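Note sheet for the following structure.
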Amino acid sequence: MTITQKEEIQRRIIELEVEHRDLDTVIDLLTRDLNHEELQLRRLKKRKLQLKDHIMLLKMQLVPDIPA
């Protein structure tokens with residue numbers, strides 16, 4: 001993997017982490033609102049989990065394989 005590829009993956013991780021934190025904030029605000037829409041909240045939580053999984057996959061790409 002080249003340095004440019006690593007930098008691109010790191011940049012993407014940062015973008016996804018920012019989106020993940022933003023979703024955290026929105027979810028928190030929605031749960032405080034007594035009139036929140038349950039479907040919207042579930043979709044946001046699902047998206048947050050997808051982001052977490054994607055971030056983990058990208059981070060795993062940055063770790064070099066260790067020979068057995």
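Labels for the structure tokens follow display order: chains A, B, ..., residues from 1 in each chain, ligands from 1.
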
Legend entry - Spatial neighbours of Val18 of chain A, 12 Å, only C-alpha atoms, chain gap at least 4 places, as a PyMOL selection string: chain A and resi 11-14+22-25+48+51-52+55

I'd like the neighbourhood of Val63 of chain A as a short mmCIF file (atom, residue, chain, number, x, y, z; two decimals) with C-alpha atoms, in the first residue's frame, where a residue qualifies if any of its atoms comes within 12 Å (using only C-alpha atoms), though same-chain residues fewer than 4 positions away should be ignored.
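result.cif was written with the following content:
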```cif
data_model
loop_
_atom_site.label_atom_id
_atom_site.label_comp_id
_atom_site.auth_asym_id
_atom_site.auth_seq_id
_atom_site.Cartn_x
_atom_site.Cartn_y
_atom_site.Cartn_z
CA MET A 1 0.00 0.00 0.00
CA LYS A 6 -2.85 5.27 3.41
CA ILE A 9 -7.90 5.85 3.96
CA GLN A 10 -7.00 8.03 6.96
CA MET A 56 -13.35 -0.50 11.62
CA LEU A 57 -12.82 -2.06 8.17
CA LEU A 58 -10.80 0.94 7.01
CA LYS A 59 -8.67 0.88 10.16
#
```

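Put simply, atom CA of Asp65 of chain A is 14.8 Å away from atom CA of Thr2 of chain A.
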
Legend entry - Which of chain A fall in helix (DSSP H, G or I), as an MDAnalysis selection string: chainID A and resid 3:32 38:62

Those residues you just picked out, can you put them in a file as a compact mmCIF listing (two decimals), in the first residue's frame with C-alpha atoms?
```txt
# COMPACT_ATOMS: atom_id res chain seq x y z
CA ILE A 3 1.57 6.42 1.29
CA THR A 4 -1.07 8.12 -0.85
CA GLN A 5 -3.45 5.20 -0.36
CA LYS A 6 -2.85 5.27 3.41
CA GLU A 7 -3.48 9.01 3.51
CA GLU A 8 -6.71 8.56 1.55
CA ILE A 9 -7.90 5.85 3.96
CA GLN A 10 -7.00 8.03 6.96
CA ARG A 11 -8.85 10.98 5.43
CA ARG A 12 -11.92 8.81 4.85
CA ILE A 13 -11.77 7.51 8.44
CA ILE A 14 -11.77 11.08 9.73
CA GLU A 15 -14.76 11.97 7.56
CA LEU A 16 -16.69 8.95 8.79
CA GLU A 17 -15.80 9.64 12.42
CA VAL A 18 -17.11 13.18 12.08
CA GLU A 19 -20.36 11.89 10.58
CA HIS A 20 -20.56 9.31 13.39
CA ARG A 21 -20.18 12.03 16.05
CA ASP A 22 -22.75 14.21 14.29
CA LEU A 23 -25.21 11.34 14.30
CA ASP A 24 -24.55 10.87 18.00
CA THR A 25 -25.59 14.46 18.59
CA VAL A 26 -28.71 14.22 16.43
CA ILE A 27 -29.76 10.93 18.06
CA ASP A 28 -29.27 12.45 21.50
CA LEU A 29 -31.39 15.47 20.60
CA LEU A 30 -34.11 13.30 19.11
CA THR A 31 -34.33 11.05 22.14
CA ARG A 32 -34.79 14.11 24.37
CA GLU A 38 -39.34 6.32 16.07
CA LEU A 39 -38.65 5.27 12.47
CA GLN A 40 -36.30 8.18 11.91
CA LEU A 41 -34.48 7.39 15.14
CA ARG A 42 -34.04 3.73 14.16
CA ARG A 43 -32.68 4.73 10.75
CA LEU A 44 -30.18 7.09 12.31
CA LYS A 45 -29.02 4.44 14.75
CA LYS A 46 -28.66 1.92 11.92
CA ARG A 47 -26.61 4.41 9.90
CA LYS A 48 -24.42 5.04 12.94
CA LEU A 49 -23.72 1.30 13.27
CA GLN A 50 -22.91 1.08 9.56
CA LEU A 51 -20.44 3.93 9.95
CA LYS A 52 -18.81 2.22 12.91
CA ASP A 53 -18.38 -0.98 10.89
CA HIS A 54 -16.99 0.89 7.90
CA ILE A 55 -14.52 2.78 10.11
CA MET A 56 -13.35 -0.50 11.62
CA LEU A 57 -12.82 -2.06 8.17
CA LEU A 58 -10.80 0.94 7.01
CA LYS A 59 -8.67 0.88 10.16
CA MET A 60 -7.98 -2.81 9.61
CA GLN A 61 -6.64 -1.97 6.14
CA LEU A 62 -4.04 0.29 7.71
```
